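Engineer: Could you have a look at this structure, given as structure tokens, before my questions?
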Amino acid sequence: SIELPWPAKELSPNFRGHWSTVAKVKKAYRLKCSQLGLANGLHLAPKNPTAVSVHLLFSQPDRRGRDWDNMLASMKAGLDGLADAMGVDDRKWRVAFDVADDPVKHGMVLVTVEVAV
């Protein structure tokens with residue numbers, strides 16, 4: 001399991017900022033998640049797994065209501081970063097998620113990865 005930082009507001013599909021701002025934030029978040037994945041041993045996963053199950057537990061930074069689909073979409077760059085760390089294609093990943101009841105200061109996403117060979 002890996003604790004990832006809460007995705008920035010610029011990563012939400014509802015963000016209406018300039019594309020260059022979004023691109024910079026995506027690149028930075030992808031790199032950060034890749035580095036956290038490497039630091040937590042994802043680079044040791046087999047290069048050709050038969051299945052990868054990924055579970056996300058969203059712990060929001062506050063009690064403000066968020067749509068589950070926007071939370072999941074906001075994690076695209078982060079999940080791509082984890083795939084980079086593993087050196088695998090994420091097309092065949094099986095992704096599930098939950099939303100924690102209580103907020104966590106600054107928010108976070110707990111990602112659990114299970115690899116089958």
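Convention: chains lettered A, B, ... in structure tokens order; per-chain residue numbering from 1; ligands numbered from 1 as shown.
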As a ChimeraX atom specification, please: the residues near range 70-81 of chain A (cut-off 9 Å, only C-alpha atoms, same-chain neighbours under 4 positions excluded).
Structural biologist: /A:4,6-14,26-37,56,58,66,85-86,89-90,97,109
Engineer: Export N, CA, C and O atoms of the chosen residues as a short mmCIF file (atom, residue, chain, number, x, y, z; two decimals), in the first residue's frame?
Structural biologist:
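Output file again34.cif follows:
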data_model
loop_
_atom_site.label_atom_id
_atom_site.label_comp_id
_atom_site.auth_asym_id
_atom_site.auth_seq_id
_atom_site.Cartn_x
_atom_site.Cartn_y
_atom_site.Cartn_z
N LEU A 4 -0.64 8.31 -1.33
CA LEU A 4 -0.37 9.36 -2.32
C LEU A 4 -1.04 10.65 -1.86
O LEU A 4 -2.09 10.63 -1.21
N TRP A 6 -3.28 14.01 -1.97
CA TRP A 6 -4.56 14.32 -2.60
C TRP A 6 -4.30 15.05 -3.91
O TRP A 6 -3.47 15.96 -3.98
N PRO A 7 -4.98 14.67 -5.00
CA PRO A 7 -4.75 15.34 -6.29
C PRO A 7 -5.12 16.82 -6.23
O PRO A 7 -6.12 17.20 -5.61
N ALA A 8 -4.34 17.62 -6.88
CA ALA A 8 -4.59 19.07 -6.93
C ALA A 8 -5.89 19.36 -7.67
O ALA A 8 -6.33 18.59 -8.52
N LYS A 9 -6.48 20.50 -7.37
CA LYS A 9 -7.75 20.87 -7.99
C LYS A 9 -7.62 20.97 -9.51
O LYS A 9 -8.59 20.75 -10.24
N GLU A 10 -6.43 21.27 -10.00
CA GLU A 10 -6.21 21.37 -11.44
C GLU A 10 -6.37 20.04 -12.16
O GLU A 10 -6.50 19.99 -13.38
N LEU A 11 -6.33 18.93 -11.41
CA LEU A 11 -6.47 17.61 -12.01
C LEU A 11 -7.93 17.17 -12.13
O LEU A 11 -8.22 16.14 -12.75
N SER A 12 -8.83 17.94 -11.58
CA SER A 12 -10.26 17.63 -11.66
C SER A 12 -10.76 17.90 -13.08
O SER A 12 -10.38 18.90 -13.70
N PRO A 13 -11.63 17.03 -13.59
CA PRO A 13 -12.23 17.31 -14.90
C PRO A 13 -13.05 18.60 -14.91
O PRO A 13 -13.31 19.16 -15.97
N ASN A 14 -13.43 19.09 -13.74
CA ASN A 14 -14.22 20.32 -13.65
C ASN A 14 -13.37 21.58 -13.64
O ASN A 14 -13.91 22.68 -13.67
N LYS A 26 -0.24 18.02 -13.99
CA LYS A 26 -0.30 16.59 -14.32
C LYS A 26 1.09 15.97 -14.32
O LYS A 26 1.31 14.90 -13.76
N LYS A 27 2.02 16.64 -14.97
CA LYS A 27 3.39 16.13 -15.06
C LYS A 27 4.01 16.00 -13.67
O LYS A 27 4.63 14.98 -13.35
N ALA A 28 3.82 17.00 -12.84
CA ALA A 28 4.40 16.98 -11.49
C ALA A 28 3.77 15.89 -10.63
O ALA A 28 4.47 15.17 -9.90
N TYR A 29 2.44 15.71 -10.72
CA TYR A 29 1.76 14.70 -9.91
C TYR A 29 2.14 13.29 -10.38
O TYR A 29 2.37 12.40 -9.57
N ARG A 30 2.24 13.11 -11.68
CA ARG A 30 2.65 11.81 -12.22
C ARG A 30 4.04 11.45 -11.74
O ARG A 30 4.28 10.32 -11.30
N LEU A 31 4.95 12.40 -11.79
CA LEU A 31 6.32 12.17 -11.33
C LEU A 31 6.36 11.87 -9.84
O LEU A 31 7.03 10.93 -9.40
N LYS A 32 5.61 12.63 -9.04
CA LYS A 32 5.58 12.41 -7.59
C LYS A 32 5.06 11.01 -7.26
O LYS A 32 5.64 10.29 -6.43
N CYS A 33 3.99 10.60 -7.93
CA CYS A 33 3.42 9.27 -7.68
C CYS A 33 4.36 8.17 -8.15
O CYS A 33 4.48 7.13 -7.49
N SER A 34 5.04 8.39 -9.24
CA SER A 34 6.03 7.43 -9.71
C SER A 34 7.17 7.28 -8.69
O SER A 34 7.58 6.16 -8.36
N GLN A 35 7.65 8.40 -8.18
CA GLN A 35 8.72 8.36 -7.18
C GLN A 35 8.26 7.65 -5.91
O GLN A 35 9.01 6.86 -5.33
N LEU A 36 7.03 7.92 -5.47
CA LEU A 36 6.51 7.23 -4.29
C LEU A 36 6.34 5.74 -4.55
O LEU A 36 6.60 4.92 -3.67
N GLY A 37 5.93 5.39 -5.75
CA GLY A 37 5.82 3.98 -6.12
C GLY A 37 7.16 3.28 -6.09
O GLY A 37 7.30 2.17 -5.55
N LEU A 56 -8.23 1.98 -4.51
CA LEU A 56 -8.00 3.35 -4.05
C LEU A 56 -8.94 3.64 -2.89
O LEU A 56 -10.15 3.37 -2.99
N PHE A 58 -10.04 6.91 -1.02
CA PHE A 58 -9.98 8.36 -1.00
C PHE A 58 -10.31 8.87 0.39
O PHE A 58 -11.42 8.64 0.89
N ARG A 66 -17.93 15.60 -2.93
CA ARG A 66 -17.25 15.41 -4.20
C ARG A 66 -17.86 14.21 -4.90
O ARG A 66 -18.18 13.22 -4.28
N ALA A 85 6.29 3.50 -12.59
CA ALA A 85 7.17 2.91 -11.58
C ALA A 85 7.26 1.40 -11.75
O ALA A 85 8.33 0.80 -11.58
N MET A 86 6.13 0.77 -12.07
CA MET A 86 6.10 -0.68 -12.23
C MET A 86 6.66 -1.12 -13.58
O MET A 86 7.05 -2.27 -13.74
N ASP A 89 1.99 -1.72 -18.51
CA ASP A 89 0.87 -1.00 -19.13
C ASP A 89 -0.34 -1.11 -18.22
O ASP A 89 -0.67 -2.19 -17.74
N ASP A 90 -1.01 0.00 -17.99
CA ASP A 90 -2.14 -0.01 -17.05
C ASP A 90 -3.49 -0.29 -17.72
O ASP A 90 -4.52 -0.22 -17.08
N PHE A 97 -12.51 1.28 -5.84
CA PHE A 97 -12.25 2.39 -4.92
C PHE A 97 -13.34 2.50 -3.87
O PHE A 97 -14.44 2.00 -4.04
N VAL A 109 -4.74 9.64 -0.80
CA VAL A 109 -5.31 8.48 -1.47
C VAL A 109 -4.43 7.29 -1.14
O VAL A 109 -3.24 7.29 -1.46
#
Engineer: Extract the full set of strand (DSSP E or B) residues from chain A according to DSSP on the backbone, and format it as number ranges by chain.
Structural biologist: A: 2-5, 51-59, 94-99, 108-116
Engineer: Neighbours of Val115 in chain A within 8 Å (only C-alpha atoms; same-chain residues fewer than 3 positions away dropped), as a PyMOL selection string?
Structural biologist: chain A and resi 45-46+49-53
Engineer: Store the residues picked out above, limited to N, CA and C atoms, as a PDB file, in the first residue's frame.
Structural biologist:
ATOM      1  N   ALA A  45       7.834  -5.292  -9.068  1.00  0.00           N
ATOM      2  CA  ALA A  45       6.724  -6.080  -9.617  1.00  0.00           C
ATOM      3  C   ALA A  45       7.158  -6.737 -10.924  1.00  0.00           C
ATOM      4  N   PRO A  46       6.595  -7.893 -11.238  1.00  0.00           N
ATOM      5  CA  PRO A  46       6.936  -8.554 -12.495  1.00  0.00           C
ATOM      6  C   PRO A  46       6.575  -7.682 -13.692  1.00  0.00           C
ATOM      7  N   PRO A  49       2.794  -9.008 -15.683  1.00  0.00           N
ATOM      8  CA  PRO A  49       1.838  -9.648 -14.770  1.00  0.00           C
ATOM      9  C   PRO A  49       0.596 -10.108 -15.525  1.00  0.00           C
ATOM     10  N   THR A  50      -0.033 -11.158 -15.036  1.00  0.00           N
ATOM     11  CA  THR A  50      -1.276 -11.620 -15.656  1.00  0.00           C
ATOM     12  C   THR A  50      -2.445 -10.757 -15.204  1.00  0.00           C
ATOM     13  N   ALA A  51      -2.339 -10.179 -14.024  1.00  0.00           N
ATOM     14  CA  ALA A  51      -3.410  -9.315 -13.522  1.00  0.00           C
ATOM     15  C   ALA A  51      -2.845  -8.347 -12.495  1.00  0.00           C
ATOM     16  N   VAL A  52      -3.378  -7.136 -12.501  1.00  0.00           N
ATOM     17  CA  VAL A  52      -3.026  -6.138 -11.497  1.00  0.00           C
ATOM     18  C   VAL A  52      -4.329  -5.569 -10.945  1.00  0.00           C
ATOM     19  N   SER A  53      -4.531  -5.741  -9.659  1.00  0.00           N
ATOM     20  CA  SER A  53      -5.697  -5.167  -8.986  1.00  0.00           C
ATOM     21  C   SER A  53      -5.237  -3.948  -8.204  1.00  0.00           C
TER      22      SER A  53
END
Engineer: In Å, with one decimal, what is the gap from CA of Asp102 in chain A to CA of His55 in chain A?
Structural biologist: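 Interatomic distance here is 18.1 Å.
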Engineer: Would you mind telling me which residue in A:Phe15, A:Asn40, A:Ser1, A:Lys47 lies nearest to Val88 in chain A when using only C-alpha atoms?
Structural biologist: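 Of the candidates, the smallest distance to Val88 in chain A is held by A:Lys47.
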